[in-house]
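Pasted below: input_20.pdb, PDB, C-alpha atoms, pLDDT in the B column.
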```
ATOM      1  CA  MET A   1     -21.737  43.584 -11.601  1.00 79.00           C
ATOM      2  CA  SER A   2     -18.244  42.151 -11.005  1.00 90.00           C
ATOM      3  CA  LEU A   3     -17.433  38.494 -11.628  1.00 93.00           C
ATOM      4  CA  LEU A   4     -16.755  37.994  -7.927  1.00 93.00           C
ATOM      5  CA  THR A   5     -20.183  39.339  -6.982  1.00 93.00           C
ATOM      6  CA  GLN A   6     -21.811  37.114  -9.618  1.00 93.00           C
ATOM      7  CA  TRP A   7     -19.877  34.104  -8.290  1.00 94.00           C
ATOM      8  CA  ARG A   8     -20.872  34.761  -4.705  1.00 93.00           C
ATOM      9  CA  ASP A   9     -24.521  35.303  -5.693  1.00 92.00           C
ATOM     10  CA  GLU A  10     -24.504  31.970  -7.541  1.00 91.00           C
ATOM     11  CA  ALA A  11     -22.469  30.031  -4.984  1.00 91.00           C
ATOM     12  CA  TYR A  12     -24.474  31.122  -1.981  1.00 90.00           C
ATOM     13  CA  ASN A  13     -27.855  31.082  -3.704  1.00 84.00           C
ATOM     14  CA  SER A  14     -30.438  30.380  -1.027  1.00 81.00           C
ATOM     15  CA  ASP A  15     -33.141  29.589  -3.598  1.00 87.00           C
ATOM     16  CA  ARG A  16     -31.598  26.197  -4.463  1.00 89.00           C
ATOM     17  CA  ASP A  17     -32.880  23.137  -2.691  1.00 91.00           C
ATOM     18  CA  GLN A  18     -30.440  21.029  -0.664  1.00 91.00           C
ATOM     19  CA  ARG A  19     -29.879  18.468  -3.431  1.00 93.00           C
ATOM     20  CA  ALA A  20     -29.185  21.130  -6.062  1.00 92.00           C
ATOM     21  CA  ASP A  21     -26.831  22.900  -3.649  1.00 92.00           C
ATOM     22  CA  GLN A  22     -24.887  19.682  -3.001  1.00 93.00           C
ATOM     23  CA  LEU A  23     -24.590  19.019  -6.744  1.00 94.00           C
ATOM     24  CA  PHE A  24     -23.384  22.578  -7.324  1.00 94.00           C
ATOM     25  CA  TRP A  25     -20.592  22.235  -4.750  1.00 94.00           C
ATOM     26  CA  VAL A  26     -19.583  18.700  -5.774  1.00 94.00           C
ATOM     27  CA  ASN A  27     -19.239  19.931  -9.358  1.00 94.00           C
ATOM     28  CA  HIS A  28     -17.226  22.966  -8.243  1.00 95.00           C
ATOM     29  CA  PHE A  29     -14.888  20.945  -6.014  1.00 95.00           C
ATOM     30  CA  ASN A  30     -14.279  18.377  -8.775  1.00 95.00           C
ATOM     31  CA  GLN A  31     -13.365  21.145 -11.225  1.00 96.00           C
ATOM     32  CA  GLU A  32     -11.150  22.782  -8.615  1.00 96.00           C
ATOM     33  CA  LYS A  33      -9.383  19.478  -7.891  1.00 96.00           C
ATOM     34  CA  ALA A  34      -8.730  18.873 -11.606  1.00 96.00           C
ATOM     35  CA  MET A  35      -7.222  22.351 -11.942  1.00 96.00           C
ATOM     36  CA  TYR A  36      -4.949  21.913  -8.901  1.00 96.00           C
ATOM     37  CA  GLU A  37      -3.780  18.528 -10.190  1.00 96.00           C
ATOM     38  CA  GLN A  38      -2.529  20.312 -13.315  1.00 95.00           C
ATOM     39  CA  ILE A  39      -1.049  23.328 -11.545  1.00 95.00           C
ATOM     40  CA  LEU A  40       0.734  21.300  -8.857  1.00 95.00           C
ATOM     41  CA  ALA A  41       2.158  18.896 -11.467  1.00 94.00           C
ATOM     42  CA  GLU A  42       4.332  21.766 -12.761  1.00 93.00           C
ATOM     43  CA  PRO A  43       4.849  24.150  -9.825  1.00 91.00           C
ATOM     44  CA  GLU A  44       7.767  25.914 -11.499  1.00 91.00           C
ATOM     45  CA  VAL A  45       5.518  27.075 -14.370  1.00 92.00           C
ATOM     46  CA  VAL A  46       3.780  30.375 -13.625  1.00 93.00           C
ATOM     47  CA  VAL A  47       0.305  30.226 -15.122  1.00 94.00           C
ATOM     48  CA  SER A  48      -1.124  33.535 -16.307  1.00 95.00           C
ATOM     49  CA  GLY A  49      -3.647  34.822 -18.798  1.00 96.00           C
ATOM     50  CA  THR A  50      -7.060  36.416 -18.902  1.00 96.00           C
ATOM     51  CA  VAL A  51      -9.791  35.031 -16.683  1.00 95.00           C
ATOM     52  CA  ALA A  52     -11.648  33.724 -19.760  1.00 96.00           C
ATOM     53  CA  GLU A  53      -8.511  32.051 -21.205  1.00 96.00           C
ATOM     54  CA  LEU A  54      -7.614  30.303 -17.963  1.00 96.00           C
ATOM     55  CA  ALA A  55     -11.197  29.203 -17.348  1.00 96.00           C
ATOM     56  CA  ALA A  56     -11.191  27.582 -20.801  1.00 96.00           C
ATOM     57  CA  LYS A  57      -7.731  26.078 -20.213  1.00 96.00           C
ATOM     58  CA  TYR A  58      -8.966  24.342 -17.052  1.00 96.00           C
ATOM     59  CA  ASP A  59     -12.318  23.398 -18.614  1.00 96.00           C
ATOM     60  CA  MET A  60     -14.417  25.594 -16.304  1.00 95.00           C
ATOM     61  CA  ASP A  61     -16.980  28.266 -16.826  1.00 94.00           C
ATOM     62  CA  VAL A  62     -15.823  31.759 -15.888  1.00 95.00           C
ATOM     63  CA  LEU A  63     -17.873  31.908 -12.670  1.00 94.00           C
ATOM     64  CA  HIS A  64     -16.484  28.639 -11.265  1.00 94.00           C
ATOM     65  CA  PHE A  65     -12.975  29.773 -12.176  1.00 96.00           C
ATOM     66  CA  THR A  66     -13.670  33.051 -10.362  1.00 96.00           C
ATOM     67  CA  GLY A  67     -14.582  30.984  -7.301  1.00 95.00           C
ATOM     68  CA  VAL A  68     -11.243  29.184  -7.505  1.00 95.00           C
ATOM     69  CA  LEU A  69      -9.438  32.528  -7.860  1.00 95.00           C
ATOM     70  CA  ASP A  70     -11.288  33.772  -4.788  1.00 94.00           C
ATOM     71  CA  GLY A  71      -9.964  30.765  -2.871  1.00 93.00           C
ATOM     72  CA  ILE A  72      -6.362  30.871  -4.051  1.00 94.00           C
ATOM     73  CA  ASN A  73      -5.865  34.643  -3.951  1.00 94.00           C
ATOM     74  CA  THR A  74      -4.380  34.783  -0.439  1.00 93.00           C
ATOM     75  CA  SER A  75      -1.825  32.112  -1.428  1.00 94.00           C
ATOM     76  CA  LEU A  76      -0.442  34.037  -4.401  1.00 94.00           C
ATOM     77  CA  LYS A  77       2.853  35.915  -4.442  1.00 94.00           C
ATOM     78  CA  THR A  78       0.961  38.872  -5.927  1.00 94.00           C
ATOM     79  CA  PRO A  79      -2.805  38.783  -5.272  1.00 94.00           C
ATOM     80  CA  ASN A  80      -5.114  39.297  -8.245  1.00 94.00           C
ATOM     81  CA  PRO A  81      -7.591  42.206  -8.324  1.00 94.00           C
ATOM     82  CA  ILE A  82     -10.550  39.886  -7.786  1.00 92.00           C
ATOM     83  CA  GLU A  83     -12.950  42.551  -6.533  1.00 93.00           C
ATOM     84  CA  GLU A  84     -13.067  44.371  -9.894  1.00 92.00           C
ATOM     85  CA  MET A  85     -12.093  41.483 -12.181  1.00 94.00           C
ATOM     86  CA  THR A  86     -13.687  41.003 -15.623  1.00 93.00           C
ATOM     87  CA  GLU A  87     -13.278  38.196 -18.158  1.00 95.00           C
ATOM     88  CA  GLU A  88     -10.500  40.216 -19.847  1.00 95.00           C
ATOM     89  CA  THR A  89      -8.513  40.847 -16.646  1.00 94.00           C
ATOM     90  CA  VAL A  90      -5.061  39.264 -16.768  1.00 96.00           C
ATOM     91  CA  VAL A  91      -4.453  37.127 -13.689  1.00 96.00           C
ATOM     92  CA  SER A  92      -1.538  35.067 -12.434  1.00 95.00           C
ATOM     93  CA  LEU A  93      -1.524  31.832 -10.435  1.00 95.00           C
ATOM     94  CA  ASP A  94       2.033  32.284  -9.128  1.00 95.00           C
ATOM     95  CA  PHE A  95       1.503  30.681  -5.717  1.00 95.00           C
ATOM     96  CA  GLU A  96       3.562  30.250  -2.570  1.00 94.00           C
ATOM     97  CA  PRO A  97       3.499  26.445  -2.049  1.00 95.00           C
ATOM     98  CA  GLU A  98       3.615  26.482   1.751  1.00 95.00           C
ATOM     99  CA  GLU A  99       0.978  29.207   2.027  1.00 95.00           C
ATOM    100  CA  LEU A 100      -1.278  27.374  -0.426  1.00 95.00           C
ATOM    101  CA  TYR A 101      -0.921  24.141   1.508  1.00 95.00           C
ATOM    102  CA  LYS A 102      -1.714  25.836   4.833  1.00 94.00           C
ATOM    103  CA  ASN A 103      -4.752  27.573   3.325  1.00 94.00           C
ATOM    104  CA  MET A 104      -6.046  24.262   1.987  1.00 95.00           C
ATOM    105  CA  VAL A 105      -5.683  22.777   5.479  1.00 94.00           C
ATOM    106  CA  ALA A 106      -7.460  25.802   6.984  1.00 92.00           C
ATOM    107  CA  CYS A 107     -10.383  25.267   4.594  1.00 91.00           C
ATOM    108  CA  LYS A 108     -10.473  21.557   5.462  1.00 93.00           C
ATOM    109  CA  ALA A 109     -10.065  20.781   1.752  1.00 92.00           C
ATOM    110  CA  GLU A 110      -8.671  17.250   2.135  1.00 94.00           C
ATOM    111  CA  TRP A 111      -9.321  16.545  -1.550  1.00 93.00           C
ATOM    112  CA  LEU A 112      -6.721  19.252  -2.282  1.00 94.00           C
ATOM    113  CA  TYR A 113      -4.053  19.045   0.416  1.00 94.00           C
ATOM    114  CA  GLU A 114      -3.872  15.247   0.044  1.00 95.00           C
ATOM    115  CA  LEU A 115      -3.227  15.340  -3.718  1.00 95.00           C
ATOM    116  CA  PRO A 116      -0.237  13.169  -4.678  1.00 96.00           C
ATOM    117  CA  GLN A 117       1.268  16.101  -6.615  1.00 96.00           C
ATOM    118  CA  TRP A 118       2.312  17.637  -3.283  1.00 95.00           C
ATOM    119  CA  ASP A 119       4.949  14.872  -2.932  1.00 94.00           C
ATOM    120  CA  ALA A 120       7.169  16.564  -5.529  1.00 94.00           C
ATOM    121  CA  ILE A 121       6.727  20.026  -3.972  1.00 95.00           C
ATOM    122  CA  LEU A 122       6.859  19.545  -0.194  1.00 95.00           C
ATOM    123  CA  SER A 123       8.325  16.676   1.801  1.00 95.00           C
ATOM    124  CA  PRO A 124       5.926  14.627   3.948  1.00 95.00           C
ATOM    125  CA  GLU A 125       7.678  15.981   7.047  1.00 96.00           C
ATOM    126  CA  ARG A 126       7.232  19.591   5.937  1.00 96.00           C
ATOM    127  CA  ARG A 127       3.566  18.988   5.062  1.00 95.00           C
ATOM    128  CA  LYS A 128       3.034  17.543   8.531  1.00 95.00           C
ATOM    129  CA  GLU A 129       4.707  20.586  10.107  1.00 95.00           C
ATOM    130  CA  LEU A 130       2.560  22.968   8.055  1.00 94.00           C
ATOM    131  CA  TYR A 131      -0.565  20.966   8.884  1.00 93.00           C
ATOM    132  CA  LEU A 132       0.122  21.160  12.622  1.00 93.00           C
ATOM    133  CA  LEU A 133       1.113  24.819  12.402  1.00 91.00           C
ATOM    134  CA  GLN A 134      -2.172  25.654  10.693  1.00 91.00           C
ATOM    135  CA  LYS A 135      -4.241  23.609  13.134  1.00 87.00           C
ATOM    136  CA  LYS A 136      -2.522  25.270  16.124  1.00 85.00           C
ATOM    137  CA  SER A 137      -3.124  28.741  14.681  1.00 83.00           C
ATOM    138  CA  ASN A 138      -6.853  28.329  15.339  1.00 75.00           C
ATOM    139  CA  THR A 139      -6.368  27.190  18.945  1.00 73.00           C
ATOM    140  CA  VAL A 140      -7.313  29.748  21.566  1.00 74.00           C
ATOM    141  CA  ILE A 141      -5.005  29.629  24.564  1.00 76.00           C
ATOM    142  CA  LYS A 142      -6.393  31.334  27.642  1.00 80.00           C
ATOM    143  CA  PRO A 143      -3.817  33.064  29.800  1.00 81.00           C
ATOM    144  CA  LYS A 144      -3.439  31.806  33.341  1.00 85.00           C
ATOM    145  CA  LYS A 145      -5.883  33.564  35.656  1.00 88.00           C
ATOM    146  CA  ILE A 146      -4.208  35.860  38.149  1.00 87.00           C
ATOM    147  CA  GLY A 147      -5.042  34.959  41.718  1.00 88.00           C
ATOM    148  CA  ARG A 148      -5.870  37.645  44.283  1.00 87.00           C
ATOM    149  CA  ASN A 149      -2.707  36.959  46.257  1.00 91.00           C
ATOM    150  CA  ASP A 150      -0.382  36.510  43.267  1.00 90.00           C
ATOM    151  CA  PRO A 151       2.196  39.217  42.501  1.00 91.00           C
ATOM    152  CA  CYS A 152       0.721  41.894  40.243  1.00 90.00           C
ATOM    153  CA  PRO A 153       1.774  41.426  36.566  1.00 88.00           C
ATOM    154  CA  CYS A 154       2.465  45.168  36.268  1.00 89.00           C
ATOM    155  CA  GLY A 155       5.703  44.595  38.199  1.00 88.00           C
ATOM    156  CA  SER A 156       4.920  46.795  41.211  1.00 90.00           C
ATOM    157  CA  GLY A 157       5.767  43.995  43.661  1.00 90.00           C
ATOM    158  CA  LYS A 158       2.387  44.324  45.359  1.00 91.00           C
ATOM    159  CA  LYS A 159      -0.246  41.636  45.536  1.00 91.00           C
ATOM    160  CA  TYR A 160      -2.682  41.786  42.632  1.00 90.00           C
ATOM    161  CA  LYS A 161      -5.614  42.491  45.013  1.00 88.00           C
ATOM    162  CA  ASN A 162      -3.834  45.590  46.343  1.00 90.00           C
ATOM    163  CA  CYS A 163      -2.724  46.911  42.963  1.00 90.00           C
ATOM    164  CA  CYS A 164      -4.314  46.481  39.527  1.00 87.00           C
ATOM    165  CA  GLY A 165      -6.931  44.043  40.811  1.00 78.00           C
ATOM    166  CA  ARG A 166      -8.315  46.542  43.292  1.00 78.00           C
ATOM    167  CA  ASN A 167     -10.986  47.806  40.912  1.00 68.00           C
ATOM    168  CA  ALA A 168     -11.599  44.483  39.225  1.00 56.00           C
TER     169      ALA A 168
END
```
Structure re-expressed in structure tokens:
Amino acid sequence: MSLLTQWRDEAYNSDRDQRADQLFWVNHFNQEKAMYEQILAEPEVVVSGTVAELAAKYDMDVLHFTGVLDGINTSLKTPNPIEEMTEETVVSLDFEPEELYKNMVACKAEWLYELPQWDAILSPERRKELYLLQKKSNTVIKPKKIGRNDPCPCGSGKKYKNCCGRNA
């Protein structure tokens, strides 16, 4: 069984009671925050190593570190092979700062996108732009409804009701 499958089985374990589940996630998010504080403090340093080495470096067990890798993978310059990853797999945490920030906003991870370490990486104005860009990306904008007597959008010059709207 892959590390990712083990992580997901543990993380989304439905046998835990609500209190145990809350403690599990609080512990995970605290470990994740501590790791990001270190990584964001030196963004120019590309962190790489085996899954087991990096988990030990950031004081996490391998499964919790796998969960963090699952979260950061879409923000990396070169995604890690998380589906078939083992403890000996070499991974890299070479992240795109703007993509990482937007993904943290998308996940509503305030404890991560509000870290003070972001000040040295992205300006407050740029963070605000990225925040708004991410929030707008989830907004569904309905197109204006075509009225029966409006010109047909196909460009025929006919009224919609006499053209494409005839069968509608």
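Here CA of Glu84 in chain A and CA of Pro43 in chain A stand 27.0 Å from one another.
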For this session: Identify, on the basis of only C-alpha atoms, every residue whose closest approach to Arg8 in chain A does not exceed 12 Å; exclude the query and any residue fewer than 6 positions from it along the same chain; express the result as a PyMOL selection string.
Result: chain A and resi 1-2+14+63-68+70-71+82-83
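Between CA of Tyr58 in chain A and CA of Met35 in chain A there is a distance of 5.8 Å.
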Output, as JSON, the centre and edge lengths in Å (one decimal) of the axis-aligned box that contains all listed atoms of range 20-32 of chain A with 6 Å of margin on each side.
```
{"center_x": -20.2, "center_y": 20.7, "center_z": -7.1, "size_x": 30.0, "size_y": 16.6, "size_z": 20.2}
```
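Counting from CA of Arg127 in chain A, the distance to CA of Met60 in chain A is 28.7 Å.
Residues matched by the PyMOL selection byres ((chain A and resi 146-151) around 12) in this structure: A:Lys142, A:Pro143, A:Lys144, A:Lys145, A:Cys152, A:Pro153, A:Cys154, A:Gly155, A:Ser156, A:Gly157, A:Lys158, A:Lys159, A:Tyr160, A:Lys161, A:Asn162, A:Cys163, A:Cys164, A:Gly165, A:Arg166, A:Asn167, A:Ala168.
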Write a file of the selected residues as a compact mmCIF listing (two decimals), in the frame of the given file, keeping C-alpha atoms.
```
# COMPACT_ATOMS: atom_id res chain seq x y z
CA LYS A 142 -6.39 31.33 27.64
CA PRO A 143 -3.82 33.06 29.80
CA LYS A 144 -3.44 31.81 33.34
CA LYS A 145 -5.88 33.56 35.66
CA CYS A 152 0.72 41.89 40.24
CA PRO A 153 1.77 41.43 36.57
CA CYS A 154 2.46 45.17 36.27
CA GLY A 155 5.70 44.60 38.20
CA SER A 156 4.92 46.80 41.21
CA GLY A 157 5.77 44.00 43.66
CA LYS A 158 2.39 44.32 45.36
CA LYS A 159 -0.25 41.64 45.54
CA TYR A 160 -2.68 41.79 42.63
CA LYS A 161 -5.61 42.49 45.01
CA ASN A 162 -3.83 45.59 46.34
CA CYS A 163 -2.72 46.91 42.96
CA CYS A 164 -4.31 46.48 39.53
CA GLY A 165 -6.93 44.04 40.81
CA ARG A 166 -8.32 46.54 43.29
CA ASN A 167 -10.99 47.81 40.91
CA ALA A 168 -11.60 44.48 39.22
```
